Structure formats: structure tokens, C-alpha cells
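Student: My structure is stored as work_21.txt, with compact mmCIF, C-alpha atoms.
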# COMPACT_ATOMS: atom_id res chain seq x y z
CA MET I 74 -16.92 -6.07 -19.96
CA SER I 75 -14.39 -5.89 -17.14
CA GLY I 76 -13.77 -2.91 -14.86
CA THR I 77 -10.49 -1.73 -16.40
CA LYS I 78 -11.94 -1.94 -19.90
CA LYS I 79 -14.88 0.21 -18.86
CA LEU I 80 -12.53 2.69 -17.19
CA VAL I 81 -10.34 2.99 -20.31
CA LEU I 82 -13.42 3.45 -22.47
CA ALA I 83 -14.86 6.12 -20.19
CA LEU I 84 -11.50 7.93 -20.01
CA SER I 85 -11.00 7.95 -23.77
CA LEU I 86 -14.54 9.14 -24.36
CA ALA I 87 -14.05 11.89 -21.77
CA VAL I 88 -10.81 12.99 -23.48
CA LEU I 89 -12.62 13.08 -26.83
CA LEU I 90 -15.46 15.09 -25.33
CA ILE I 91 -13.06 17.62 -23.77
CA CYS I 92 -11.20 17.92 -27.10
CA GLY I 93 -14.49 18.55 -28.88
CA ILE I 94 -15.57 21.22 -26.41
CA VAL I 95 -12.20 23.00 -26.60
CA ALA I 96 -12.25 22.80 -30.40
CA GLY I 97 -15.78 24.19 -30.48
CA GLY I 98 -14.67 27.15 -28.40
CA ARG I 99 -11.71 27.77 -30.68
CA MET I 100 -13.89 27.51 -33.78
CA ALA I 101 -16.37 29.99 -32.33
CA ASN I 102 -13.56 32.47 -31.69
CA SER I 103 -11.72 32.09 -35.00
CA SER I 104 -12.47 34.29 -38.00
CA PRO I 105 -14.85 33.00 -40.68
CA THR I 106 -13.37 31.63 -43.92
CA TYR I 107 -16.03 33.10 -46.18
CA ASP I 108 -18.39 35.86 -45.09
CA GLY I 109 -20.32 36.24 -48.36
CA THR I 110 -19.86 39.98 -48.68
CA ASN I 111 -19.86 40.05 -52.50
CA THR I 112 -22.83 37.74 -53.02
CA ASP I 113 -26.35 39.14 -53.29
CA LEU I 114 -28.21 36.13 -51.91
CA VAL I 115 -31.65 37.77 -52.02
CA GLY I 116 -31.21 38.69 -55.69
CA LEU I 117 -30.00 35.18 -56.49
CA TYR I 118 -33.02 33.66 -54.76
CA GLU I 119 -35.62 35.95 -56.32
CA ASP I 120 -34.35 35.90 -59.88
CA PRO I 121 -31.77 33.16 -60.49
CA SER I 122 -31.89 33.35 -64.31
CA SER I 123 -30.81 36.99 -64.49
CA TYR I 124 -28.08 36.67 -61.89
CA ASP I 125 -24.67 37.65 -63.18
CA ASN I 126 -22.69 34.41 -63.35
CA THR I 127 -19.68 35.82 -65.13
CA GLN I 128 -18.31 37.45 -62.00
CA ALA I 129 -16.66 35.36 -59.37
CA ASP I 130 -19.39 35.05 -56.79
CA GLY I 131 -17.91 33.87 -53.57
CA ALA I 132 -17.68 30.30 -52.42
CA ALA I 133 -17.76 28.47 -55.76
CA ALA I 134 -15.07 30.67 -57.27
CA ILE I 135 -12.93 30.32 -54.15
CA MET I 136 -13.25 26.54 -54.32
CA VAL I 137 -12.25 26.35 -57.98
CA ASN I 138 -9.59 29.06 -58.22
CA GLU I 139 -7.84 28.86 -54.85
CA ASN I 140 -8.11 25.10 -54.46
CA LEU I 141 -4.42 24.31 -54.57
CA GLU I 142 -3.17 26.94 -52.15
CA LYS I 143 -6.05 26.39 -49.75
CA THR I 144 -6.10 22.59 -49.54
CA ALA I 145 -3.06 21.23 -51.41
CA ALA I 146 -5.35 18.62 -52.97
CA ASP I 147 -5.04 17.60 -56.61
CA ASN I 148 -8.69 17.14 -57.33
CA VAL I 149 -11.33 19.80 -56.85
CA VAL I 150 -14.15 17.33 -56.17
CA PHE I 151 -12.03 15.58 -53.55
CA SER I 152 -11.16 18.84 -51.83
CA VAL I 153 -14.83 19.90 -51.85
CA VAL I 154 -15.96 16.62 -50.33
CA PHE I 155 -13.27 16.35 -47.67
CA ASN I 156 -12.18 19.94 -46.99
CA PHE I 157 -14.85 22.50 -47.80
CA ARG I 158 -17.76 20.21 -46.98
CA GLY I 159 -16.16 18.03 -44.34
CA TYR I 160 -19.13 18.44 -42.02
CA ASP I 161 -21.36 16.98 -44.73
CA THR I 162 -19.19 13.88 -45.11
CA MET I 163 -19.14 13.43 -41.35
CA GLY I 164 -22.93 13.62 -41.24
CA GLU I 165 -23.15 11.04 -44.02
CA SER I 166 -21.00 8.63 -42.03
CA PHE I 167 -23.16 9.17 -38.94
CA ILE I 168 -26.25 8.42 -41.04
CA LEU I 169 -24.60 5.16 -42.13
CA ILE I 170 -23.88 4.29 -38.48
CA ALA I 171 -27.49 5.01 -37.53
CA ALA I 172 -28.86 2.93 -40.42
CA ILE I 173 -26.67 -0.04 -39.55
CA ALA I 174 -27.50 0.18 -35.84
CA GLY I 175 -31.22 0.28 -36.65
CA SER I 176 -31.12 -2.72 -38.98
CA LEU I 177 -28.95 -4.53 -36.44
CA VAL I 178 -31.57 -4.02 -33.74
CA ILE I 179 -34.46 -5.21 -35.93
CA LEU I 180 -32.70 -8.21 -37.50
CA ARG I 181 -31.15 -9.41 -34.23
CA LYS I 182 -34.53 -9.27 -32.54
CA ALA I 183 -36.03 -11.37 -35.35
CA ALA I 184 -33.23 -13.97 -35.07
CA HIS I 185 -33.57 -14.16 -31.27
CA SER I 186 -37.35 -14.55 -31.38
CA VAL I 187 -37.01 -17.39 -33.91
CA LYS I 188 -34.54 -19.17 -31.63
CA LYS I 189 -36.81 -18.69 -28.59
CA GLU I 190 -39.77 -20.13 -30.49
CA ASP I 191 -37.68 -23.17 -31.40
CA GLN I 192 -36.72 -23.66 -27.75
CA GLY I 193 -40.38 -23.37 -26.76
CA HIS I 194 -41.31 -26.12 -29.21
CA GLU I 195 -38.59 -28.35 -27.81
CA ASP I 196 -39.88 -27.83 -24.27
CA LEU I 197 -43.36 -28.76 -25.33
CA MET U 25 -16.26 -32.27 -38.98
CA LYS U 26 -18.69 -29.96 -40.70
CA THR U 27 -17.23 -28.14 -43.67
CA TYR U 28 -18.73 -25.84 -46.24
CA LYS U 29 -21.76 -26.87 -48.19
CA LYS U 30 -20.81 -28.27 -51.57
CA THR U 31 -21.65 -25.51 -53.99
CA HIS U 32 -21.24 -25.75 -57.70
CA PRO U 33 -17.53 -25.94 -58.67
CA ILE U 34 -17.94 -23.17 -61.21
CA SER U 35 -19.24 -20.67 -58.65
CA ARG U 36 -16.57 -21.76 -56.15
CA CYS U 37 -13.73 -21.35 -58.67
CA ALA U 38 -15.15 -18.04 -59.86
CA SER U 39 -15.34 -16.70 -56.31
CA ASP U 40 -11.76 -17.87 -55.67
CA LEU U 41 -10.66 -16.04 -58.80
CA PHE U 42 -12.53 -12.79 -58.25
CA LEU U 43 -12.23 -12.41 -54.47
CA PRO U 44 -8.62 -11.09 -54.44
CA LEU U 45 -9.33 -8.96 -57.50
CA ALA U 46 -12.36 -7.36 -55.84
CA CYS U 47 -10.43 -6.67 -52.62
CA VAL U 48 -7.40 -5.23 -54.41
CA PHE U 49 -9.50 -3.09 -56.73
CA GLY U 50 -11.55 -1.72 -53.83
CA CYS U 51 -8.40 -0.86 -51.86
CA TYR U 52 -6.97 0.78 -54.98
CA VAL U 53 -10.05 2.97 -55.32
CA VAL U 54 -9.87 3.97 -51.65
CA LEU U 55 -6.15 4.77 -51.71
CA HIS U 56 -6.37 6.51 -55.09
CA GLY U 57 -9.22 8.71 -53.91
CA SER U 58 -7.05 11.80 -53.46
CA THR U 59 -6.27 12.14 -57.16
CA SER U 60 -9.74 11.15 -58.33
CA PRO U 61 -13.16 12.55 -57.38
CA GLY U 62 -13.59 11.02 -53.96
CA GLY U 63 -13.38 7.29 -53.46
CA GLY U 64 -13.84 6.49 -49.79
CA PHE U 65 -17.48 5.45 -50.08
CA GLN U 66 -17.21 3.76 -53.46
CA GLY U 67 -14.05 1.79 -52.66
CA GLY U 68 -15.45 0.73 -49.30
CA VAL U 69 -18.57 -0.66 -50.94
CA LEU U 70 -16.43 -2.47 -53.52
CA VAL U 71 -14.43 -4.20 -50.78
CA ALA U 72 -17.59 -4.97 -48.83
CA SER U 73 -19.08 -6.70 -51.87
CA ALA U 74 -16.37 -9.37 -51.49
CA ILE U 75 -18.50 -10.97 -48.78
CA LEU U 76 -21.11 -11.80 -51.43
CA LEU U 77 -18.45 -13.66 -53.39
CA VAL U 78 -17.59 -15.62 -50.23
CA TYR U 79 -21.27 -16.40 -49.78
CA LEU U 80 -21.65 -17.54 -53.39
CA GLY U 81 -18.60 -19.78 -53.19
CA TYR U 82 -18.79 -21.22 -49.70
CA GLY U 83 -22.30 -20.58 -48.41
CA GLY U 84 -23.30 -19.38 -44.96
CA TRP U 85 -20.61 -21.56 -43.34
CA GLY U 86 -17.83 -19.65 -45.12
CA VAL U 87 -19.27 -16.29 -44.13
CA LYS U 88 -19.66 -17.34 -40.50
CA HIS U 89 -16.09 -18.65 -40.26
CA SER U 90 -14.25 -15.87 -42.08
CA PHE U 91 -15.84 -12.69 -40.64
CA ASN U 92 -16.11 -11.44 -37.08
CA GLU U 93 -19.24 -9.34 -36.86
CA HIS U 94 -18.60 -7.71 -33.48
CA MET U 95 -15.11 -6.71 -34.58
CA LEU U 96 -16.54 -5.13 -37.72
CA HIS U 97 -19.21 -3.27 -35.81
CA SER U 98 -16.69 -1.78 -33.39
CA SER U 99 -14.14 -0.97 -36.10
CA GLU U 100 -16.85 1.07 -37.79
CA THR U 101 -17.01 3.28 -34.71
CA VAL U 102 -13.22 3.43 -34.52
CA ALA U 103 -13.10 4.69 -38.11
CA GLU U 104 -15.66 7.39 -37.35
CA ILE U 105 -13.63 8.53 -34.32
CA MET U 106 -10.53 8.56 -36.55
CA TYR U 107 -12.29 10.86 -39.02
CA VAL U 108 -13.39 13.29 -36.32
CA VAL U 109 -9.96 13.36 -34.65
CA ILE U 110 -8.10 13.97 -37.92
CA ALA U 111 -10.57 16.73 -38.75
CA LEU U 112 -10.17 18.27 -35.29
CA VAL U 113 -6.37 18.45 -35.62
CA GLY U 114 -6.97 21.28 -38.08
CA VAL U 115 -8.73 23.22 -35.34
CA PHE U 116 -5.89 22.72 -32.87
CA THR U 117 -3.33 24.02 -35.36
CA GLY U 118 -5.26 27.29 -35.55
CA LEU U 119 -7.29 26.65 -38.69
CA ASN U 120 -10.80 25.41 -39.29
CA PHE U 121 -12.49 22.04 -39.06
CA CYS U 122 -11.53 19.62 -41.85
CA VAL U 123 -8.86 21.99 -43.19
CA ASN U 124 -5.62 20.49 -44.43
CA PHE U 125 -2.95 21.62 -41.97
CA VAL U 126 0.07 20.34 -43.89
CA PHE U 127 0.80 23.39 -46.02
CA ALA U 128 3.96 22.16 -47.64
CA GLY U 129 2.60 22.52 -51.14
CA GLN U 130 3.03 18.89 -52.12
CA GLN U 131 0.42 16.19 -52.29
CA VAL U 132 0.80 15.44 -48.60
CA ASP U 133 -2.66 16.03 -47.38
CA THR U 134 -4.69 15.31 -44.29
CA SER U 135 -7.83 14.72 -46.30
CA ILE U 136 -6.15 11.58 -47.68
CA LEU U 137 -6.25 10.17 -44.14
CA MET U 138 -9.87 11.27 -43.79
CA ASN U 139 -10.63 9.52 -47.08
CA ASP U 140 -9.02 6.34 -45.76
CA ALA U 141 -11.04 6.60 -42.55
CA VAL U 142 -14.27 6.93 -44.53
CA GLY U 143 -13.26 3.97 -46.68
CA TYR U 144 -12.58 1.82 -43.62
CA HIS U 145 -15.85 2.91 -42.07
CA VAL U 146 -17.96 2.08 -45.13
CA MET U 147 -16.09 -1.21 -45.61
CA ALA U 148 -16.85 -2.36 -42.06
CA GLY U 149 -20.38 -0.98 -42.01
CA ILE U 150 -21.62 -2.47 -45.28
CA THR U 151 -19.96 -5.81 -44.49
CA CYS U 152 -21.75 -5.84 -41.13
CA LEU U 153 -25.07 -5.06 -42.84
CA LEU U 154 -24.56 -7.81 -45.43
CA ILE U 155 -23.64 -10.33 -42.72
CA MET U 156 -26.89 -9.53 -40.91
CA MET U 157 -28.91 -9.93 -44.11
CA LEU U 158 -27.19 -13.19 -45.06
CA SER U 159 -27.74 -14.62 -41.56
CA VAL U 160 -31.46 -13.80 -41.81
CA LEU U 161 -31.47 -15.50 -45.22
CA GLU U 162 -29.82 -18.59 -43.72
CA ASP U 163 -32.39 -18.68 -40.88
CA ASP U 164 -35.22 -18.55 -43.38
CA LYS U 165 -33.61 -21.38 -45.33
CA ASP U 166 -33.23 -23.50 -42.18
CA GLU U 167 -36.86 -22.90 -41.27
CA SER U 168 -38.16 -23.87 -44.69
CA SER U 169 -35.99 -27.01 -44.74
CA GLN U 170 -37.23 -27.91 -41.26
CA GLU U 171 -40.81 -27.46 -42.37
CA LYS U 172 -40.16 -29.72 -45.36
CA GLY U 173 -38.70 -32.33 -43.01
CA ASP U 174 -41.78 -32.09 -40.78
CA ASP U 175 -44.03 -32.54 -43.77
CA ALA U 176 -42.11 -35.60 -44.88
CA ALA U 177 -42.26 -37.08 -41.38
Reformat the file's structure so that it appears as C-alpha cells.
Tutor:
Amino acid sequence: MSGTKKLVLALSLAVLLICGIVAGGRMANSSPTYDGTNTDLVGLYEDPSSYDNTQADGAAAIMVNENLEKTAADNVVFSVVFNFRGYDTMGESFILIAAIAGSLVILRKAAHSVKKEDQGHEDL
Amino acid sequence: MKTYKKTHPISRCASDLFLPLACVFGCYVVLHGSTSPGGGFQGGVLVASAILLVYLGYGGWGVKHSFNEHMLHSSETVAEIMYVVIALVGVFTGLNFCVNFVFAGQQVDTSILMNDAVGYHVMAGITCLLIMMLSVLEDDKDESSQEKGDDAA
């Protein structure tokens, strides 16, 4: 990799890092979307069968009823996956990256060692 | 000049026939994801499966000559950065992470772009994985054929 390429890469990564830090600060300062005031989480955990499901209980009802005005997405599942649970999708993609990097390391090592063994035989 | 290994004509013709269909159907699933339940992951895997059709039709030679593995591996990272940047734009417009900031009330939607980014990411990632597996398969084949040759000699 040449010097200018490295410089451009480092600069772009630095810009991304600064953007992330600034965005984190803004997210920490902004008001929460759902504070869970009307949901009795302890009651739900201790006795889930007797919990009153008829009332709108927070996040699920918000997702279903206010989907269109909140996200402007046609499909509820799509808006849940990419809007309400965007962090989850991002984590999934990072897991895929990690899995592929791991298998790349192992399989490349195997291929290289096979080639080296072949070269060793030729030398002998 | 070394060309592809002669596979059976039926498998070659079948791969020729189904390769464009698989690619187009996968792209359709990715682009149609906004009006159906998701579609980035599924469509990406559908497009990535096209490499298996190439392998069936043209062998390891076809795979080696039609895909650039390093390019795929870096485009995977580019897609991930795209996803994070599109999600962060929501923060800079004063809303939350991953929130659609185009509030015009139509179907114009930033999560469509995020869906496309995920589709691109899965497409490149799974193709990269399959290339690695197929290359290991080819190495094993070469080894076994070499051993057979040694035995014959």
C-alpha cells in the first residue's frame, strides 16, 4: 500500500471516528423515544400469564400503531428490523464480518501451509 | 491456453440458464425488501448462491476467473460503513440512530438504503466465504489427484 493510500485511509477513518463520537454525544443528550412508564416490567416477569395484554403496553403497541407516522415504512416487520431495532441489524452484520474474517484466517493458513509443503518436497 | 474443465453439457447449460435468473431474483428480493418483511439478508444470500452455479458449470477455473476475492472482501467493509453512515445521518438531523429522517409521508425511506447496504454486505460476504471453501475443495482435489499420480508412477 502506498503512502497516499494509507493517508487517505487514515483520514477517512479519523473522520468516521469523529462523526461517531459527536453522534454519541448527541444521542446521550437527546430525549429517549420510549421510557416505559406504563409498563410494569416486574409484574410481567413474575407472572406473564396473568399480565393484561388487552391494554397497549408500550413498545409493541407503539411499533404496530404508530408505524406509519414514525417511520414512513410500508411494512411493520421491515420497520422493526431497520428502524426500531437498527442496532440489532448492525450487530448481525458485524457478526457476519467476524465470522468471515475468522474463516478467512483459518482457510488461508491451510492453503499456505499446503503450498509450503509442496515447495519443501520440490527442494528435497 | 488453459480453459475451463469440460463439465457435463447438461450442468453447463443449466447453469447458463439459471445464473441470470438467480441474480435477478436475488436483486429483486433485495430491492423489494421495503414492502415485504425484510429482504437484505435473504436476497444477498440468493445472489451469493450464483457462485455455486458458476462452480457447477465451469469448475474452479470459472470461479477463479470471474470473481475477485480481495475486491469482495473490501466491498463487504464498504457496505458496513455505508450502513453505519446512513444510520448516523438520523442522529445529525436531530433524531435517533436508525430513524428515518425523510418525513415526507411517502414511501421515500432511509431504511431502504440501509436494506440495500445490508444486501450488498451479505452478497459480498457470503460470496467471499464460498470462494474460500471452493478453493479449499480444489486444493484437496489437486492433492488427491497428485497422490493418485504418484501411486501410478
Student: Please report as a PyMOL selection string which residues of chain I come no farther than 9 Å from chain U, using all atoms listed in the file.
Tutor: chain I and resi 89+92-93+95-97+99-100+103+105-106+141-152+154-160+162-163+166-167+169-170+173-174+176-177+180-181+183-184+187
Student: Quick one: write out the picked residues with C-alpha atoms as a tab-separated table (two decimals), in the frame of the given file?
Tutor:
chain	number	residue	atom	x	y	z
I	89	LEU	CA	-12.62	13.08	-26.83
I	92	CYS	CA	-11.20	17.92	-27.10
I	93	GLY	CA	-14.49	18.55	-28.88
I	95	VAL	CA	-12.20	23.00	-26.60
I	96	ALA	CA	-12.25	22.80	-30.40
I	97	GLY	CA	-15.78	24.19	-30.48
I	99	ARG	CA	-11.71	27.77	-30.68
I	100	MET	CA	-13.89	27.51	-33.78
I	103	SER	CA	-11.72	32.09	-35.00
I	105	PRO	CA	-14.85	33.00	-40.68
I	106	THR	CA	-13.37	31.63	-43.92
I	141	LEU	CA	-4.42	24.31	-54.57
I	142	GLU	CA	-3.17	26.94	-52.15
I	143	LYS	CA	-6.05	26.39	-49.75
I	144	THR	CA	-6.10	22.59	-49.54
I	145	ALA	CA	-3.06	21.23	-51.41
I	146	ALA	CA	-5.35	18.62	-52.97
I	147	ASP	CA	-5.04	17.60	-56.61
I	148	ASN	CA	-8.69	17.14	-57.33
I	149	VAL	CA	-11.33	19.80	-56.85
I	150	VAL	CA	-14.15	17.33	-56.17
I	151	PHE	CA	-12.03	15.58	-53.55
I	152	SER	CA	-11.16	18.84	-51.83
I	154	VAL	CA	-15.96	16.62	-50.33
I	155	PHE	CA	-13.27	16.35	-47.67
I	156	ASN	CA	-12.18	19.94	-46.99
I	157	PHE	CA	-14.85	22.50	-47.80
I	158	ARG	CA	-17.76	20.21	-46.98
I	159	GLY	CA	-16.16	18.03	-44.34
I	160	TYR	CA	-19.13	18.44	-42.02
I	162	THR	CA	-19.19	13.88	-45.11
I	163	MET	CA	-19.14	13.43	-41.35
I	166	SER	CA	-21.00	8.63	-42.03
I	167	PHE	CA	-23.16	9.17	-38.94
I	169	LEU	CA	-24.60	5.16	-42.13
I	170	ILE	CA	-23.88	4.29	-38.48
I	173	ILE	CA	-26.67	-0.04	-39.55
I	174	ALA	CA	-27.50	0.18	-35.84
I	176	SER	CA	-31.12	-2.72	-38.98
I	177	LEU	CA	-28.95	-4.53	-36.44
I	180	LEU	CA	-32.70	-8.21	-37.50
I	181	ARG	CA	-31.15	-9.41	-34.23
I	183	ALA	CA	-36.03	-11.37	-35.35
I	184	ALA	CA	-33.23	-13.97	-35.07
I	187	VAL	CA	-37.01	-17.39	-33.91
Student: Identify which of the residues U:Ile155, U:Ala38, U:Ala141, U:Leu161 lies closest to U:Leu80, counting only C-alpha atoms when measuring atom-to-atom distances.
Tutor: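 Once distances to U:Leu80 are computed over only C-alpha atoms, the minimum belongs to U:Ala38.
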Student: Which is closest to I:Val137 among I:Val115, I:Val153, I:Ile94, I:Leu80, if we use only C-alpha atoms?
Tutor: I:Val153
Student: Between atom CA of U:Asp166 and atom CA of U:Arg36, what is the distance in Å, rounded to a tenth?
Tutor: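 Interatomic distance, atom CA of U:Asp166 to atom CA of U:Arg36: 21.8 Å.
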Student: Measuring atom to atom with all atoms listed in the file, identify which of U:His32, U:Lys88, U:His94, U:His56 is nearest to U:Ala148.
Tutor: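 Selected residue with least distance to U:Ala148: U:His94.
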Student: Using atom CA of I:Ala101 and atom CA of I:Ala83 as the two end points, give the distance in Å to one decimal.
Tutor: 26.8 Å
Student: Quick one: residues within 8 Å of U:Thr151, only C-alpha atoms, excluding same-chain residues fewer than 5 positions away - as number ranges by chain?
Tutor: U: 72-73, 75, 96
Student: Just how far from atom CA of I:Glu139 is atom CA of U:Val54, in Å to one decimal?
Tutor: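 We find that atom CA of U:Val54 and atom CA of I:Glu139 lie 25.2 Å from each other.
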Student: From the list U:Tyr52, U:Val78, U:Leu45, U:Tyr144, which residue is nearest U:Ser90 when using all atoms listed in the file?
Tutor: U:Val78
Student: Which of these residues is nearest to U:Ser99, using only C-alpha atoms: U:Met147, U:Ser168, U:Tyr79, U:Cys37?
Tutor: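 For U:Ser99, the nearest of the candidates is U:Met147.
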Student: Smallest atom-to-atom distance to U:Ser35: which of U:Val102, U:Met95, U:Leu76, U:Val69, using only C-alpha atoms?
Tutor: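 Comparing U:Val102, U:Met95, U:Leu76, U:Val69 against U:Ser35, the winner is U:Leu76.
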